[in-house]
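> Pasting target-v6.cif below, which is mmCIF, C-alpha atoms and all ligand atoms.
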data_coords
loop_
_atom_site.group_PDB
_atom_site.id
_atom_site.type_symbol
_atom_site.label_atom_id
_atom_site.label_comp_id
_atom_site.auth_asym_id
_atom_site.auth_seq_id
_atom_site.Cartn_x
_atom_site.Cartn_y
_atom_site.Cartn_z
ATOM 1 C CA MET A 128 3.458 -4.803 -22.229
ATOM 2 C CA GLU A 129 5.211 -2.400 -19.884
ATOM 3 C CA VAL A 130 3.781 -0.105 -17.238
ATOM 4 C CA ILE A 131 5.671 2.395 -15.113
ATOM 5 C CA PHE A 132 5.454 2.446 -11.305
ATOM 6 C CA VAL A 133 6.324 5.812 -9.764
ATOM 7 C CA THR A 134 7.491 5.288 -6.172
ATOM 8 C CA SER A 135 10.401 6.235 -3.949
ATOM 9 C CA ASN A 136 10.066 2.881 -2.131
ATOM 10 C CA GLU A 137 12.200 0.093 -3.609
ATOM 11 C CA GLY A 138 10.390 -2.604 -1.577
ATOM 12 C CA LYS A 139 7.061 -1.631 -3.147
ATOM 13 C CA TYR A 140 8.617 -1.659 -6.624
ATOM 14 C CA ARG A 141 10.139 -5.140 -6.164
ATOM 15 C CA GLU A 142 6.807 -6.530 -4.989
ATOM 16 C CA ALA A 143 5.019 -5.036 -8.011
ATOM 17 C CA ARG A 144 7.637 -6.318 -10.455
ATOM 18 C CA ALA A 145 7.366 -9.894 -9.127
ATOM 19 C CA ILE A 146 3.565 -9.892 -9.297
ATOM 20 C CA GLY A 147 3.607 -8.280 -12.780
ATOM 21 C CA GLU A 148 5.704 -11.196 -14.077
ATOM 22 C CA LYS A 149 2.847 -13.591 -13.331
ATOM 23 C CA TYR A 150 0.666 -11.574 -15.701
ATOM 24 C CA GLY A 151 3.329 -11.099 -18.394
ATOM 25 C CA ILE A 152 3.485 -7.403 -17.492
ATOM 26 C CA GLU A 153 6.857 -5.704 -17.238
ATOM 27 C CA VAL A 154 6.879 -3.165 -14.422
ATOM 28 C CA GLY A 155 9.296 -0.267 -14.996
ATOM 29 C CA TRP A 156 10.388 2.013 -12.186
ATOM 30 C CA ILE A 157 10.673 5.757 -11.808
ATOM 31 C CA GLN A 158 12.135 6.403 -8.375
ATOM 32 C CA LEU A 159 10.546 9.655 -7.418
ATOM 33 C CA GLU A 160 8.939 11.265 -4.399
ATOM 34 C CA TYR A 161 5.809 13.208 -5.354
ATOM 35 C CA LEU A 162 3.450 15.572 -3.572
ATOM 36 C CA GLU A 163 0.470 14.028 -1.797
ATOM 37 C CA PRO A 164 -2.505 16.268 -1.057
ATOM 38 C CA GLN A 165 -3.966 16.037 2.463
ATOM 39 C CA GLY A 166 -7.343 14.447 2.959
ATOM 40 C CA SER A 167 -9.365 11.884 4.854
ATOM 41 C CA ASP A 168 -9.962 9.421 2.001
ATOM 42 C CA LEU A 169 -7.055 7.273 0.803
ATOM 43 C CA GLU A 170 -8.588 6.648 -2.620
ATOM 44 C CA GLU A 171 -9.160 10.366 -3.176
ATOM 45 C CA ILE A 172 -5.583 11.181 -2.123
ATOM 46 C CA ALA A 173 -4.148 8.589 -4.537
ATOM 47 C CA ARG A 174 -6.385 9.827 -7.367
ATOM 48 C CA LYS A 175 -5.415 13.483 -6.824
ATOM 49 C CA SER A 176 -1.697 12.614 -6.489
ATOM 50 C CA ALA A 177 -1.816 10.759 -9.824
ATOM 51 C CA GLU A 178 -3.662 13.646 -11.504
ATOM 52 C CA MET A 179 -1.077 16.142 -10.245
ATOM 53 C CA LEU A 180 1.808 13.885 -11.265
ATOM 54 C CA SER A 181 0.338 13.311 -14.740
ATOM 55 C CA LYS A 182 1.252 16.898 -15.622
ATOM 56 C CA GLU A 183 4.935 15.929 -15.405
ATOM 57 C CA MET A 184 4.696 12.482 -17.054
ATOM 58 C CA SER A 185 4.792 11.730 -20.765
ATOM 59 C CA SER A 186 3.430 8.158 -20.552
ATOM 60 C CA GLN A 187 0.998 6.000 -18.583
ATOM 61 C CA PHE A 188 2.022 5.216 -14.997
ATOM 62 C CA PHE A 189 0.681 4.120 -11.634
ATOM 63 C CA ILE A 190 1.305 5.019 -8.007
ATOM 64 C CA GLU A 191 0.332 3.264 -4.788
ATOM 65 C CA ASP A 192 -0.790 4.721 -1.478
ATOM 66 C CA SER A 193 -1.436 2.695 1.646
ATOM 67 C CA GLY A 194 -2.380 3.035 5.295
ATOM 68 C CA LEU A 195 -3.140 1.229 8.543
ATOM 69 C CA PHE A 196 -6.693 1.541 9.916
ATOM 70 C CA ILE A 197 -7.339 0.617 13.566
ATOM 71 C CA GLU A 198 -10.980 -0.207 14.370
ATOM 72 C CA ALA A 199 -10.961 0.906 18.050
ATOM 73 C CA LEU A 200 -9.404 4.240 17.006
ATOM 74 C CA LYS A 201 -12.111 4.811 14.377
ATOM 75 C CA GLY A 202 -9.726 4.141 11.497
ATOM 76 C CA PHE A 203 -6.770 6.170 12.817
ATOM 77 C CA PRO A 204 -4.039 6.598 11.542
ATOM 78 C CA GLY A 205 -5.545 5.774 8.078
ATOM 79 C CA PRO A 206 -4.539 8.476 5.589
ATOM 80 C CA TYR A 207 -2.146 9.937 8.187
ATOM 81 C CA SER A 208 -0.197 6.671 8.525
ATOM 82 C CA SER A 209 3.018 8.050 7.131
ATOM 83 C CA TYR A 210 3.081 11.068 9.470
ATOM 84 C CA VAL A 211 2.057 9.009 12.510
ATOM 85 C CA PHE A 212 4.753 6.444 11.775
ATOM 86 C CA LYS A 213 7.403 9.180 11.558
ATOM 87 C CA THR A 214 6.222 10.809 14.796
ATOM 88 C CA ILE A 215 4.961 8.302 17.397
ATOM 89 C CA GLY A 216 5.947 5.129 15.489
ATOM 90 C CA ASN A 217 5.106 1.579 16.500
ATOM 91 C CA GLU A 218 5.865 2.240 20.188
ATOM 92 C CA GLY A 219 3.312 5.056 20.171
ATOM 93 C CA ILE A 220 0.612 2.873 18.613
ATOM 94 C CA ILE A 221 1.236 0.110 21.166
ATOM 95 C CA LYS A 222 0.865 2.712 23.955
ATOM 96 C CA LEU A 223 -2.357 4.076 22.442
ATOM 97 C CA MET A 224 -3.723 0.530 22.363
ATOM 98 C CA ASP A 225 -2.787 -0.228 25.978
ATOM 99 C CA GLY A 226 -5.764 -1.908 27.656
ATOM 100 C CA VAL A 227 -7.872 -1.824 24.481
ATOM 101 C CA GLU A 228 -9.664 -5.123 23.959
ATOM 102 C CA ASP A 229 -10.787 -4.721 20.333
ATOM 103 C CA ARG A 230 -7.461 -4.904 18.483
ATOM 104 C CA GLY A 231 -8.922 -5.304 14.979
ATOM 105 C CA ALA A 232 -7.083 -3.432 12.233
ATOM 106 C CA TYR A 233 -6.556 -3.526 8.504
ATOM 107 C CA PHE A 234 -4.111 -2.336 5.890
ATOM 108 C CA MET A 235 -5.508 -0.777 2.767
ATOM 109 C CA ALA A 236 -3.692 -0.095 -0.498
ATOM 110 C CA VAL A 237 -4.884 2.010 -3.405
ATOM 111 C CA ILE A 238 -3.329 1.837 -6.864
ATOM 112 C CA ALA A 239 -4.019 4.883 -9.032
ATOM 113 C CA TYR A 240 -3.334 4.346 -12.750
ATOM 114 C CA TRP A 241 -3.090 7.225 -15.205
ATOM 115 C CA ASP A 242 -3.972 5.926 -18.668
ATOM 116 C CA GLY A 243 -3.021 9.123 -20.484
ATOM 117 C CA LYS A 244 -6.478 10.657 -20.106
ATOM 118 C CA GLU A 245 -7.854 9.791 -16.692
ATOM 119 C CA VAL A 246 -7.187 7.962 -13.414
ATOM 120 C CA LYS A 247 -8.525 4.518 -12.551
ATOM 121 C CA THR A 248 -8.169 3.138 -8.997
ATOM 122 C CA PHE A 249 -7.883 -0.382 -7.546
ATOM 123 C CA THR A 250 -7.992 -1.220 -3.841
ATOM 124 C CA GLY A 251 -6.730 -4.106 -1.716
ATOM 125 C CA ARG A 252 -7.296 -4.821 1.959
ATOM 126 C CA VAL A 253 -5.958 -7.281 4.518
ATOM 127 C CA ASP A 254 -7.598 -7.725 7.936
ATOM 128 C CA GLY A 255 -5.629 -8.558 11.063
ATOM 129 C CA LYS A 256 -5.002 -7.100 14.502
ATOM 130 C CA ILE A 257 -2.581 -4.935 16.431
ATOM 131 C CA SER A 258 -0.191 -7.149 18.369
ATOM 132 C CA GLU A 259 0.343 -6.724 22.122
ATOM 133 C CA GLU A 260 4.022 -5.972 21.530
ATOM 134 C CA ILE A 261 6.509 -5.205 18.731
ATOM 135 C CA ARG A 262 7.642 -8.482 17.106
ATOM 136 C CA GLY A 263 9.772 -9.486 14.112
ATOM 137 C CA GLU A 264 12.742 -8.303 12.116
ATOM 138 C CA HIS A 265 11.539 -8.160 8.508
ATOM 139 C CA GLY A 266 9.599 -5.694 6.446
ATOM 140 C CA PHE A 267 9.056 -2.029 7.131
ATOM 141 C CA GLY A 268 6.683 0.479 8.706
ATOM 142 C CA TYR A 269 3.927 -1.058 10.806
ATOM 143 C CA ASP A 270 4.869 -4.665 9.938
ATOM 144 C CA PRO A 271 6.153 -5.446 13.499
ATOM 145 C CA ILE A 272 2.769 -4.600 15.086
ATOM 146 C CA PHE A 273 0.370 -5.979 12.458
ATOM 147 C CA GLU A 274 -0.619 -9.551 13.260
ATOM 148 C CA PHE A 275 -2.140 -11.821 10.630
ATOM 149 C CA GLU A 276 -3.107 -15.390 11.559
ATOM 150 C CA GLY A 277 -0.873 -15.438 14.650
ATOM 151 C CA LYS A 278 2.289 -13.897 13.195
ATOM 152 C CA THR A 279 3.196 -10.255 12.652
ATOM 153 C CA PHE A 280 4.045 -9.279 9.071
ATOM 154 C CA ALA A 281 7.588 -8.596 10.338
ATOM 155 C CA GLU A 282 7.853 -12.218 11.531
ATOM 156 C CA MET A 283 6.873 -13.511 8.089
ATOM 157 C CA GLY A 284 9.415 -12.114 5.639
ATOM 158 C CA GLU A 285 8.524 -12.997 2.023
ATOM 159 C CA GLU A 286 5.385 -14.855 3.141
ATOM 160 C CA LYS A 287 3.799 -11.453 3.853
ATOM 161 C CA ASN A 288 3.623 -10.780 0.114
ATOM 162 C CA GLU A 289 1.135 -13.619 -0.313
ATOM 163 C CA TYR A 290 -1.428 -11.834 1.848
ATOM 164 C CA SER A 291 -0.586 -8.165 1.640
ATOM 165 C CA HIS A 292 -3.055 -5.411 0.813
ATOM 166 C CA ARG A 293 -0.623 -4.266 -1.884
ATOM 167 C CA ARG A 294 -0.622 -7.662 -3.530
ATOM 168 C CA ARG A 295 -4.425 -7.724 -3.567
ATOM 169 C CA ALA A 296 -4.621 -4.265 -5.178
ATOM 170 C CA LEU A 297 -1.856 -5.075 -7.682
ATOM 171 C CA GLU A 298 -3.545 -8.311 -8.718
ATOM 172 C CA LYS A 299 -6.814 -6.515 -9.411
ATOM 173 C CA PHE A 300 -4.945 -3.891 -11.408
ATOM 174 C CA PHE A 301 -2.881 -6.352 -13.475
ATOM 175 C CA GLU A 302 -5.908 -8.528 -14.179
ATOM 176 C CA TRP A 303 -7.780 -5.498 -15.461
ATOM 177 C CA LEU A 304 -4.765 -4.316 -17.484
ATOM 178 C CA SER A 305 -4.306 -7.754 -19.101
ATOM 179 C CA GLY A 306 -7.996 -7.741 -20.060
ATOM 180 C CA VAL A 307 -7.805 -4.262 -21.589
ATOM 181 C CA CYS A 308 -4.648 -5.082 -23.546
ATOM 182 C CA ASN A 309 -5.974 -8.364 -24.903
ATOM 183 C CA LYS A 310 -9.163 -6.832 -26.237
HETATM 184 P P1 LIG B 401 2.758 5.180 1.963
HETATM 185 O O1 LIG B 401 1.770 4.497 1.105
HETATM 186 O O2 LIG B 401 4.147 4.855 1.498
HETATM 187 O O3 LIG B 401 2.473 6.650 2.107
HETATM 188 O O4 LIG B 401 2.644 4.512 3.393
HETATM 189 C C1 LIG B 401 1.935 5.064 4.469
HETATM 190 C C2 LIG B 401 2.473 4.529 5.775
HETATM 191 O O5 LIG B 401 1.987 3.204 5.962
HETATM 192 C C3 LIG B 401 3.990 4.485 5.860
HETATM 193 O O6 LIG B 401 4.382 4.865 7.152
HETATM 194 C C4 LIG B 401 4.324 3.031 5.634
HETATM 195 O O7 LIG B 401 5.463 2.661 6.375
HETATM 196 C C5 LIG B 401 3.068 2.321 6.147
HETATM 197 N N1 LIG B 401 2.846 1.118 5.337
HETATM 198 C C6 LIG B 401 2.370 1.038 4.078
HETATM 199 N N2 LIG B 401 2.350 -0.233 3.646
HETATM 200 C C7 LIG B 401 2.830 -0.966 4.671
HETATM 201 C C8 LIG B 401 3.085 -2.361 4.828
HETATM 202 O O8 LIG B 401 2.903 -3.197 3.926
HETATM 203 N N3 LIG B 401 3.586 -2.734 6.021
HETATM 204 C C9 LIG B 401 3.840 -1.862 7.034
HETATM 205 N N4 LIG B 401 3.631 -0.561 6.935
HETATM 206 C C10 LIG B 401 3.134 -0.111 5.759
#
Go ahead and render the structure in this file as structure tokens.


Amino acid sequence: MEVIFVTSNEGKYREARAIGEKYGIEVGWIQLEYLEPQGSDLEEIARKSAEMLSKEMSSQFFIEDSGLFIEALKGFPGPYSSYVFKTIGNEGIIKLMDGVEDRGAYFMAVIAYWDGKEVKTFTGRVDGKISEEIRGEHGFGYDPIFEFEGKTFAEMGEEKNEYSHRRRALEKFFEWLSGVCNK
């Protein structure tokens, strides 16, 4: 079966396509930037974005929304991750965390799937910590400051995709989709 991923981010699409193959699911791509409503709950934002987008789509599709949540900052930047990255960036986060002992943080991903009638969501999370400094060359976004088992995601390259929040959400989604289609 085929399912369409609507995203402007090619890296996200490639990751989804590779994971889909394991489940015999072909992931198609519509490269599109869509409107995201503001809000404090990532799952709610993804759900509303998919509902709004469904008005323009003629078939089933899914989108993905993710964010970085820092424990000592009460979950900031969370749903504002994209804006915070564009404004203060990784340097800004490292400054905010200067002298902070509790460096716990997690990435969260939400997949919102429009089945033609309604939206179903799937979440994935990976726990790690904010590094003391920017490290690594690979990846994108907050990868150079997110440390998982001693290495930042940006130091890992492809290995990151084994642990990522996105992978965890995609696997839940594809498992569910395979079950529904084989009924
Ligand atoms: P969005 O889901 O594309 O809106 O991402 C929100 C923000 O989180 C963006 O600034 C991304 O760069 C960042 N982000 C999302 N996923 C990852 C990741 O896997 N690694 C690093 N940054 C990420």

> Go through chain A residue by residue and, counting only C-alpha atoms and all ligand atoms, keep those with an atom at most 7 Å from ligand LIG 401 (chain B); for each kept residue give the shortest atom pair and its distance in Å to one decimal, ordered by chain and increasing number, as a tab-separated table.


residue	atom	partner	partner_atom	distance
A:Glu191	CA	B:LIG401	O1	6.2
A:Asp192	CA	B:LIG401	O1	3.6
A:Ser193	CA	B:LIG401	O1	3.7
A:Gly194	CA	B:LIG401	O5	4.4
A:Leu195	CA	B:LIG401	O5	6.1
A:Ser208	CA	B:LIG401	C2	4.4
A:Ser209	CA	B:LIG401	O6	3.5
A:Tyr210	CA	B:LIG401	O6	6.7
A:Phe212	CA	B:LIG401	O6	4.9
A:Lys213	CA	B:LIG401	O6	6.9
A:Gly266	CA	B:LIG401	N3	6.7
A:Phe267	CA	B:LIG401	C9	5.2
A:Gly268	CA	B:LIG401	O7	3.4
A:Tyr269	CA	B:LIG401	C9	3.9
A:Asp270	CA	B:LIG401	C9	4.2
A:Ser291	CA	B:LIG401	O8	6.5
A:Arg293	CA	B:LIG401	O8	6.9

> What does the PyMOL selection byres (((chain A and resi 157-167) around 10) and not hetatm) select in this file, as a ChimeraX atom specification?

/A:131-137,140,155-156,168-177,179-180,188,190,192,205-207

> Would you mind reading off the distance between atom CA of A:Phe301 and atom CA of A:Glu282, one decimal, in Å?

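Distance between the two atoms: 27.8 Å.
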
> Take the PyMOL selection byres (((chain A and resi 253) around 6) and not hetatm), run it mentally on this structure, and tell me the resulting residues as a PyMOL selection string.

chain A and resi 233-234+252+254+292

> Give me the box for stretch 185-191 of chain A as lines of an AutoDock Vina configuration file, namely the centre and edge lengths in Å to one decimal of a box along x, y and z that holds every listed atom plus 3 Å on each side.


center_x = 2.6
center_y = 7.5
center_z = -12.8
size_x = 10.5
size_y = 14.5
size_z = 22.0

> Mind listing as a ChimeraX atom specification all residues within 9 Å of (-4.9, -0.4, -10.6), counting all atoms listed in the file?

/A:189-191,237-240,247-250,296-304

> Next, the residues of the selection above should be written as a PDB file, keeping the file's coordinate frame with C-alpha atoms.


ATOM      1  CA  PHE A 189       0.681   4.120 -11.634  1.00  0.00           C
ATOM      2  CA  ILE A 190       1.305   5.019  -8.007  1.00  0.00           C
ATOM      3  CA  GLU A 191       0.332   3.264  -4.788  1.00  0.00           C
ATOM      4  CA  VAL A 237      -4.884   2.010  -3.405  1.00  0.00           C
ATOM      5  CA  ILE A 238      -3.329   1.837  -6.864  1.00  0.00           C
ATOM      6  CA  ALA A 239      -4.019   4.883  -9.032  1.00  0.00           C
ATOM      7  CA  TYR A 240      -3.334   4.346 -12.750  1.00  0.00           C
ATOM      8  CA  LYS A 247      -8.525   4.518 -12.551  1.00  0.00           C
ATOM      9  CA  THR A 248      -8.169   3.138  -8.997  1.00  0.00           C
ATOM     10  CA  PHE A 249      -7.883  -0.382  -7.546  1.00  0.00           C
ATOM     11  CA  THR A 250      -7.992  -1.220  -3.841  1.00  0.00           C
ATOM     12  CA  ALA A 296      -4.621  -4.265  -5.178  1.00  0.00           C
ATOM     13  CA  LEU A 297      -1.856  -5.075  -7.682  1.00  0.00           C
ATOM     14  CA  GLU A 298      -3.545  -8.311  -8.718  1.00  0.00           C
ATOM     15  CA  LYS A 299      -6.814  -6.515  -9.411  1.00  0.00           C
ATOM     16  CA  PHE A 300      -4.945  -3.891 -11.408  1.00  0.00           C
ATOM     17  CA  PHE A 301      -2.881  -6.352 -13.475  1.00  0.00           C
ATOM     18  CA  GLU A 302      -5.908  -8.528 -14.179  1.00  0.00           C
ATOM     19  CA  TRP A 303      -7.780  -5.498 -15.461  1.00  0.00           C
ATOM     20  CA  LEU A 304      -4.765  -4.316 -17.484  1.00  0.00           C
TER      21      LEU A 304
END

> One number please: atom CA of A:Ile221 to atom CA of A:Glu260, in Å, one decimal.

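Interatomic distance here is 6.7 Å.
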